[in-house]
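J.: What follows is work_26.pdb, PDB, C-alpha atoms.
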```
ATOM      1  CA  MET A  23     -18.187 -50.940 -41.711
ATOM      2  CA  LEU A  24     -18.413 -50.076 -38.021
ATOM      3  CA  LEU A  25     -14.833 -48.776 -38.111
ATOM      4  CA  PHE A  26     -15.703 -46.519 -41.068
ATOM      5  CA  VAL A  27     -18.731 -45.104 -39.217
ATOM      6  CA  CYS A  28     -16.633 -44.357 -36.119
ATOM      7  CA  LEU A  29     -13.937 -42.610 -38.162
ATOM      8  CA  PHE A  30     -16.554 -40.535 -40.003
ATOM      9  CA  ALA A  31     -18.170 -39.483 -36.707
ATOM     10  CA  LEU A  32     -14.768 -38.499 -35.294
ATOM     11  CA  LEU A  33     -13.897 -36.400 -38.348
ATOM     12  CA  PHE A  34     -17.311 -34.727 -38.384
ATOM     13  CA  SER A  35     -17.208 -33.824 -34.679
ATOM     14  CA  SER A  36     -13.695 -32.353 -34.946
ATOM     15  CA  SER A  37     -14.696 -30.130 -37.870
ATOM     16  CA  SER A  38     -17.881 -28.791 -36.223
ATOM     17  CA  HIS A  39     -16.450 -27.520 -32.933
ATOM     18  CA  ALA A  40     -17.300 -24.056 -31.581
ATOM     19  CA  ALA A  41     -15.579 -21.044 -33.117
ATOM     20  CA  ASP A  42     -12.195 -20.124 -31.662
ATOM     21  CA  PHE A  43     -13.164 -16.478 -31.180
ATOM     22  CA  CYS A  44     -15.785 -13.872 -31.999
ATOM     23  CA  VAL A  45     -14.118 -10.526 -32.683
ATOM     24  CA  ALA A  46     -16.807  -7.879 -32.246
ATOM     25  CA  LYS A  47     -18.506  -6.324 -35.245
ATOM     26  CA  LEU A  48     -18.928  -2.962 -33.530
ATOM     27  CA  LYS A  49     -21.016  -1.326 -36.264
ATOM     28  CA  GLY A  50     -24.010  -3.347 -35.148
ATOM     29  CA  ALA A  51     -25.860  -3.004 -31.850
ATOM     30  CA  GLY A  52     -24.555  -4.836 -28.818
ATOM     31  CA  ASN A  53     -26.769  -6.876 -26.501
ATOM     32  CA  PRO A  54     -26.368  -8.832 -23.239
ATOM     33  CA  ALA A  55     -24.963 -11.754 -25.238
ATOM     34  CA  GLY A  56     -22.319  -9.535 -26.841
ATOM     35  CA  TYR A  57     -21.749  -8.203 -30.333
ATOM     36  CA  ALA A  58     -22.116 -10.030 -33.617
ATOM     37  CA  CYS A  59     -18.950 -11.731 -34.875
ATOM     38  CA  ARG A  60     -16.769 -10.252 -37.578
ATOM     39  CA  MET A  61     -16.011 -12.547 -40.488
ATOM     40  CA  PRO A  62     -12.754 -14.445 -39.733
ATOM     41  CA  SER A  63     -11.311 -13.215 -43.027
ATOM     42  CA  LYS A  64     -11.657  -9.636 -41.714
ATOM     43  CA  VAL A  65      -9.858 -10.345 -38.417
ATOM     44  CA  THR A  66      -6.215  -9.343 -37.882
ATOM     45  CA  VAL A  67      -3.763  -9.722 -35.015
ATOM     46  CA  ASP A  68      -4.407  -6.100 -34.050
ATOM     47  CA  ASP A  69      -7.929  -7.084 -32.938
ATOM     48  CA  PHE A  70      -6.291  -9.094 -30.142
ATOM     49  CA  VAL A  71      -3.879  -6.366 -28.996
ATOM     50  CA  PHE A  72      -4.620  -3.213 -26.963
ATOM     51  CA  THR A  73      -1.858  -0.677 -26.394
ATOM     52  CA  GLY A  74      -3.636   2.057 -24.414
ATOM     53  CA  LEU A  75      -2.938   0.932 -20.856
ATOM     54  CA  GLY A  76       0.639   2.214 -20.936
ATOM     55  CA  VAL A  77      -0.472   5.852 -21.108
ATOM     56  CA  ALA A  78      -1.631   7.777 -18.026
ATOM     57  CA  GLY A  79      -5.170   9.127 -18.132
ATOM     58  CA  ASN A  80      -6.073  12.793 -17.651
ATOM     59  CA  THR A  81      -6.908  13.370 -13.978
ATOM     60  CA  THR A  82      -7.684  17.100 -14.266
ATOM     61  CA  ASN A  83     -11.398  16.746 -13.553
ATOM     62  CA  ILE A  84     -13.896  16.929 -10.699
ATOM     63  CA  ILE A  85     -12.826  13.553  -9.253
ATOM     64  CA  SER A  86      -9.065  13.882  -9.981
ATOM     65  CA  ALA A  87      -9.143  10.444 -11.557
ATOM     66  CA  ALA A  88      -9.200   8.750 -14.941
ATOM     67  CA  VAL A  89     -10.176   5.322 -16.222
ATOM     68  CA  THR A  90      -8.742   4.031 -19.500
ATOM     69  CA  PRO A  91     -10.970   1.124 -20.579
ATOM     70  CA  ALA A  92     -10.033  -1.884 -22.650
ATOM     71  CA  PHE A  93     -13.616  -3.104 -22.969
ATOM     72  CA  VAL A  94     -15.132  -4.669 -26.059
ATOM     73  CA  GLN A  95     -15.831  -1.249 -27.566
ATOM     74  CA  GLN A  96     -12.098  -0.418 -27.505
ATOM     75  CA  PHE A  97     -10.765  -3.997 -27.708
ATOM     76  CA  PRO A  98     -12.966  -6.051 -30.085
ATOM     77  CA  GLY A  99     -10.982  -9.249 -29.529
ATOM     78  CA  VAL A 100     -12.388  -9.744 -26.011
ATOM     79  CA  ASN A 101     -15.926 -10.150 -27.338
ATOM     80  CA  GLY A 102     -17.379 -13.388 -26.002
ATOM     81  CA  LEU A 103     -14.325 -14.221 -23.871
ATOM     82  CA  GLY A 104     -15.748 -13.194 -20.489
ATOM     83  CA  LEU A 105     -13.020 -10.690 -19.630
ATOM     84  CA  SER A 106     -11.770  -7.129 -20.109
ATOM     85  CA  MET A 107      -9.353  -4.692 -18.482
ATOM     86  CA  ALA A 108      -8.799  -1.027 -17.653
ATOM     87  CA  ARG A 109      -6.188   1.328 -16.243
ATOM     88  CA  LEU A 110      -7.008   3.475 -13.224
ATOM     89  CA  ASP A 111      -5.129   6.736 -12.552
ATOM     90  CA  LEU A 112      -5.725   8.667  -9.332
ATOM     91  CA  ALA A 113      -4.068  11.992  -8.541
ATOM     92  CA  PRO A 114      -3.464  12.690  -4.817
ATOM     93  CA  ALA A 115      -6.911  12.762  -3.110
ATOM     94  CA  GLY A 116      -8.461  11.477  -6.358
ATOM     95  CA  VAL A 117     -11.509   9.277  -6.032
ATOM     96  CA  ILE A 118     -13.546   6.857  -8.077
ATOM     97  CA  PRO A 119     -16.923   7.511  -6.397
ATOM     98  CA  MET A 120     -19.253   4.810  -5.143
ATOM     99  CA  HIS A 121     -20.366   2.823  -8.185
ATOM    100  CA  THR A 122     -21.350  -0.585  -9.457
ATOM    101  CA  HIS A 123     -20.589  -2.788 -12.457
ATOM    102  CA  PRO A 124     -23.887  -4.583 -13.108
ATOM    103  CA  GLY A 125     -22.306  -7.061 -15.494
ATOM    104  CA  ALA A 126     -19.039  -8.115 -13.893
ATOM    105  CA  SER A 127     -16.869  -8.818 -10.892
ATOM    106  CA  GLU A 128     -13.633  -6.801 -10.693
ATOM    107  CA  VAL A 129     -10.036  -7.507  -9.697
ATOM    108  CA  LEU A 130      -7.815  -4.500  -8.862
ATOM    109  CA  PHE A 131      -3.998  -4.700  -8.875
ATOM    110  CA  VAL A 132      -2.079  -1.704  -7.481
ATOM    111  CA  VAL A 133       0.886  -0.797  -9.673
ATOM    112  CA  GLN A 134       1.926   2.434  -7.940
ATOM    113  CA  GLY A 135       0.970   4.440  -4.867
ATOM    114  CA  LYS A 136      -1.552   3.729  -2.144
ATOM    115  CA  ILE A 137      -5.272   3.192  -2.713
ATOM    116  CA  THR A 138      -7.990   2.802  -0.099
ATOM    117  CA  ALA A 139     -10.733   0.675  -1.618
ATOM    118  CA  GLY A 140     -13.859  -0.986  -0.379
ATOM    119  CA  PHE A 141     -17.263  -2.456  -1.138
ATOM    120  CA  ILE A 142     -20.591  -2.913   0.646
ATOM    121  CA  SER A 143     -22.450  -6.212   0.811
ATOM    122  CA  SER A 144     -26.082  -6.279  -0.300
ATOM    123  CA  LEU A 145     -27.294  -8.676   2.389
ATOM    124  CA  ALA A 146     -26.319  -6.856   5.604
ATOM    125  CA  ASN A 147     -24.704  -3.677   4.246
ATOM    126  CA  THR A 148     -21.405  -4.867   5.705
ATOM    127  CA  VAL A 149     -18.467  -2.653   4.718
ATOM    128  CA  TYR A 150     -15.164  -4.195   3.576
ATOM    129  CA  VAL A 151     -12.372  -1.582   3.341
ATOM    130  CA  LYS A 152      -8.604  -1.921   2.957
ATOM    131  CA  THR A 153      -5.699   0.405   2.176
ATOM    132  CA  LEU A 154      -3.758  -1.263  -0.625
ATOM    133  CA  LYS A 155      -0.091  -0.781  -1.461
ATOM    134  CA  LYS A 156       1.950  -1.533  -4.589
ATOM    135  CA  GLY A 157       1.551  -5.198  -5.497
ATOM    136  CA  ASP A 158      -1.696  -5.702  -3.553
ATOM    137  CA  VAL A 159      -4.816  -7.158  -5.168
ATOM    138  CA  MET A 160      -8.472  -6.779  -4.159
ATOM    139  CA  VAL A 161     -11.652  -8.241  -5.620
ATOM    140  CA  PHE A 162     -15.069  -6.578  -5.871
ATOM    141  CA  PRO A 163     -18.022  -8.935  -6.358
ATOM    142  CA  ARG A 164     -20.374  -8.354  -9.255
ATOM    143  CA  GLY A 165     -22.976  -5.631  -8.827
ATOM    144  CA  LEU A 166     -21.895  -4.440  -5.370
ATOM    145  CA  LEU A 167     -21.281  -0.777  -4.535
ATOM    146  CA  HIS A 168     -17.559  -0.031  -4.314
ATOM    147  CA  PHE A 169     -15.032   2.820  -4.489
ATOM    148  CA  GLN A 170     -11.315   3.672  -4.725
ATOM    149  CA  ILE A 171      -9.492   6.670  -3.181
ATOM    150  CA  ASN A 172      -5.857   7.749  -3.510
ATOM    151  CA  ASP A 173      -4.650   7.886   0.083
ATOM    152  CA  GLY A 174      -1.060   8.773  -0.745
ATOM    153  CA  GLU A 175       0.965  11.819  -1.752
ATOM    154  CA  ILE A 176       1.860  10.620  -5.254
ATOM    155  CA  ASN A 177      -0.216   9.567  -8.243
ATOM    156  CA  ALA A 178      -1.670   6.103  -7.795
ATOM    157  CA  VAL A 179      -2.002   3.640 -10.673
ATOM    158  CA  ALA A 180      -3.908   0.370 -10.796
ATOM    159  CA  VAL A 181      -4.801  -2.165 -13.441
ATOM    160  CA  VAL A 182      -8.252  -3.693 -13.152
ATOM    161  CA  SER A 183      -9.760  -6.705 -14.840
ATOM    162  CA  PHE A 184     -13.406  -7.624 -15.230
ATOM    163  CA  SER A 185     -15.280 -10.881 -15.760
ATOM    164  CA  ASP A 186     -17.149  -9.523 -18.782
ATOM    165  CA  PRO A 187     -16.149  -7.749 -22.013
ATOM    166  CA  ASP A 188     -18.682  -4.998 -21.205
ATOM    167  CA  PRO A 189     -18.945  -4.709 -17.387
ATOM    168  CA  GLY A 190     -21.251  -1.691 -17.372
ATOM    169  CA  LEU A 191     -20.980   1.241 -14.958
ATOM    170  CA  GLN A 192     -23.355   3.195 -12.759
ATOM    171  CA  ILE A 193     -21.876   5.904 -10.530
ATOM    172  CA  THR A 194     -24.243   6.493  -7.618
ATOM    173  CA  ASP A 195     -23.720  10.259  -7.322
ATOM    174  CA  PHE A 196     -24.330  10.809 -11.021
ATOM    175  CA  ALA A 197     -27.345   8.480 -11.023
ATOM    176  CA  PHE A 198     -28.921  10.609  -8.281
ATOM    177  CA  PHE A 199     -27.857  14.142  -9.149
ATOM    178  CA  ALA A 200     -26.811  14.347 -12.819
ATOM    179  CA  ASN A 201     -30.249  13.904 -14.352
ATOM    180  CA  ASN A 202     -33.705  15.501 -14.308
ATOM    181  CA  LEU A 203     -35.181  13.566 -11.371
ATOM    182  CA  SER A 204     -37.045  16.206  -9.376
ATOM    183  CA  SER A 205     -35.456  17.633  -6.245
ATOM    184  CA  GLU A 206     -38.654  16.873  -4.343
ATOM    185  CA  LEU A 207     -38.464  13.156  -5.117
ATOM    186  CA  LEU A 208     -34.745  13.062  -4.332
ATOM    187  CA  GLU A 209     -35.307  14.713  -0.968
ATOM    188  CA  LYS A 210     -38.001  12.186  -0.072
ATOM    189  CA  SER A 211     -36.023   9.165  -1.252
ATOM    190  CA  THR A 212     -32.595  10.146   0.133
ATOM    191  CA  PHE A 213     -33.548  12.082   3.313
ATOM    192  CA  LEU A 214     -31.376  14.989   2.132
ATOM    193  CA  ASP A 215     -32.650  18.525   2.558
ATOM    194  CA  ASP A 216     -33.464  20.861  -0.332
ATOM    195  CA  ALA A 217     -30.230  22.866  -0.087
ATOM    196  CA  GLN A 218     -28.057  19.724  -0.208
ATOM    197  CA  VAL A 219     -29.920  18.291  -3.192
ATOM    198  CA  LYS A 220     -29.731  21.530  -5.168
ATOM    199  CA  LYS A 221     -26.032  21.930  -4.360
ATOM    200  CA  LEU A 222     -25.258  18.437  -5.627
ATOM    201  CA  LYS A 223     -27.383  18.924  -8.734
ATOM    202  CA  LYS A 224     -25.499  22.125  -9.502
ATOM    203  CA  VAL A 225     -22.091  20.467  -9.052
ATOM    204  CA  LEU A 226     -22.965  17.391 -11.126
ATOM    205  CA  GLY A 227     -25.093  19.035 -13.811
ATOM    206  CA  GLY A 228     -28.558  17.845 -12.873
ATOM    207  CA  THR A 229     -31.827  19.717 -13.333
ATOM    208  CA  GLY A 230     -35.283  19.694 -11.789
TER     209      GLY A 230
END
```
For this file, write the structure as structure tokens.
T.:
Amino acid sequence: MLLFVCLFALLFSSSSHAADFCVAKLKGAGNPAGYACRMPSKVTVDDFVFTGLGVAGNTTNIISAAVTPAFVQQFPGVNGLGLSMARLDLAPAGVIPMHTHPGASEVLFVVQGKITAGFISSLANTVYVKTLKKGDVMVFPRGLLHFQINDGEINAVAVVSFSDPDPGLQITDFAFFANNLSSELLEKSTFLDDAQVKKLKKVLGGTG
């Protein structure tokens, strides 16, 4: 009898393990825990494959840079797995401005060119900067301000990975100057003068 009970418990525990995956049901709303799971019968191998990182992004813009994301919104198979990726293209002098990823740490791998990258600690505002060459890797801790600049004469390419399917993004310049926060409040909170604030608002599309 005891042997039967043990076998039953073993069979029951093996059949009630956690799901293997949770491919995102993107039609619903996401939340900090991720997206709802698609029914397994609706999942195909294509949900676990992303082909967009082989194509260069369009760098003809104000920052001469492009990011091609493979986050949960583009790559439903990463939902719930604690990871995602992206491709970074930087034309000569291109820059990814100071920004943060509130939801994830980042690993950057340089595929081509030369990229100067760095981040700032939150405790003592210590700056960590390095010029990276092809094959180099740098990590950026979760939530810290960081940037990347093409310091070479050719297009730079990097592949980045994140510790969350939806790492989030807040670019500091756009957060300050691409909205309707009043110039008066910006001047008081940033110590910039009126002319500088209005110039930046004009460049980045802000009002007020």
J.: For the file shown, report as number ranges by chain the outcome of the PyMOL selection byres ((chain A and resi 52) around 12) at residue level.
T.: A: 46-51, 53-59, 94-95, 98, 101-102, 187-188
J.: Can you work out the spacing between CA of Ser144 in chain A and CA of Ser86 in chain A in Å, to one decimal?
T.: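 Result for CA of Ser144 in chain A versus CA of Ser86 in chain A: 28.1 Å, one decimal.
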J.: Show which residues sit within 10 Å of Pro119 in chain A, as a VMD selection string. Count only C-alpha atoms, and ignore same-chain residues fewer than 2 positions away.
T.: chain A and resid 85 87 116 to 117 121 to 122 167 to 171 193 to 196
J.: To one decimal place in Å, what is the distance between CA of Asp69 in chain A and CA of Asp42 in chain A?
T.: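 Between these atoms lies a distance of 13.8 Å.
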J.: Which residues are close to Gly74 in chain A, i.e. within 9 Å by only C-alpha atoms, leaving aside same-chain residues fewer than 6 positions away? Reply as a count of residues only.
T.: 4
J.: Within 8 Å of range 154-159 of chain A, counting all atoms listed in the file, which residues qualify if same-chain residues fewer than 4 places away don't, as an mmCIF file with C-alpha atoms, in the frame of the given file?
T.:
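Wrote it out as around-v3.cif, contents follow:
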```cif
data_model
loop_
_atom_site.group_PDB
_atom_site.id
_atom_site.type_symbol
_atom_site.label_atom_id
_atom_site.label_comp_id
_atom_site.auth_asym_id
_atom_site.auth_seq_id
_atom_site.Cartn_x
_atom_site.Cartn_y
_atom_site.Cartn_z
ATOM 1 C CA VAL A 129 -10.036 -7.507 -9.697
ATOM 2 C CA LEU A 130 -7.815 -4.500 -8.862
ATOM 3 C CA PHE A 131 -3.998 -4.700 -8.875
ATOM 4 C CA VAL A 132 -2.079 -1.704 -7.481
ATOM 5 C CA VAL A 133 0.886 -0.797 -9.673
ATOM 6 C CA GLN A 134 1.926 2.434 -7.940
ATOM 7 C CA GLY A 135 0.970 4.440 -4.867
ATOM 8 C CA LYS A 136 -1.552 3.729 -2.144
ATOM 9 C CA ILE A 137 -5.272 3.192 -2.713
ATOM 10 C CA THR A 138 -7.990 2.802 -0.099
ATOM 11 C CA ALA A 139 -10.733 0.675 -1.618
#
```
J.: When you draw a straight line from CA of Phe184 in chain A to CA of Phe43 in chain A, how long is it in Å?
T.: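 For CA of Phe184 in chain A relative to CA of Phe43 in chain A, the distance reads 18.2 Å.
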J.: Go through the shown structure with the PyMOL selection byres ((chain A and resi 227) around 10) and write out the matching residues as a VMD selection string.
T.: chain A and resid 196 199 to 202 221 to 226 228 to 229
J.: Could you tell me which residues the PyMOL selection byres ((chain A and resi 79) around 10) returns for this structure, as an mmCIF file with C-alpha atoms, keeping the file's coordinate frame?
T.:
```cif
data_model
loop_
_atom_site.group_PDB
_atom_site.id
_atom_site.type_symbol
_atom_site.label_atom_id
_atom_site.label_comp_id
_atom_site.auth_asym_id
_atom_site.auth_seq_id
_atom_site.Cartn_x
_atom_site.Cartn_y
_atom_site.Cartn_z
ATOM 1 C CA GLY A 74 -3.636 2.057 -24.414
ATOM 2 C CA LEU A 75 -2.938 0.932 -20.856
ATOM 3 C CA GLY A 76 0.639 2.214 -20.936
ATOM 4 C CA VAL A 77 -0.472 5.852 -21.108
ATOM 5 C CA ALA A 78 -1.631 7.777 -18.026
ATOM 6 C CA ASN A 80 -6.073 12.793 -17.651
ATOM 7 C CA THR A 81 -6.908 13.370 -13.978
ATOM 8 C CA THR A 82 -7.684 17.100 -14.266
ATOM 9 C CA ALA A 87 -9.143 10.444 -11.557
ATOM 10 C CA ALA A 88 -9.200 8.750 -14.941
ATOM 11 C CA VAL A 89 -10.176 5.322 -16.222
ATOM 12 C CA THR A 90 -8.742 4.031 -19.500
ATOM 13 C CA ARG A 109 -6.188 1.328 -16.243
ATOM 14 C CA LEU A 110 -7.008 3.475 -13.224
ATOM 15 C CA ASP A 111 -5.129 6.736 -12.552
ATOM 16 C CA LEU A 112 -5.725 8.667 -9.332
ATOM 17 C CA VAL A 179 -2.002 3.640 -10.673
#
```
J.: Given all atoms listed in the file as the basis, pick out the residue of A:Gly190, A:Gly230, A:Gly140, A:Gly174 nearest to Pro114 in chain A.
T.: A:Gly174
J.: Find, counting only C-alpha atoms, the residue in A:Ser211, A:Val151, A:Val67, A:Ile118 that gets nearest to Ala180 in chain A.
T.: A:Ile118
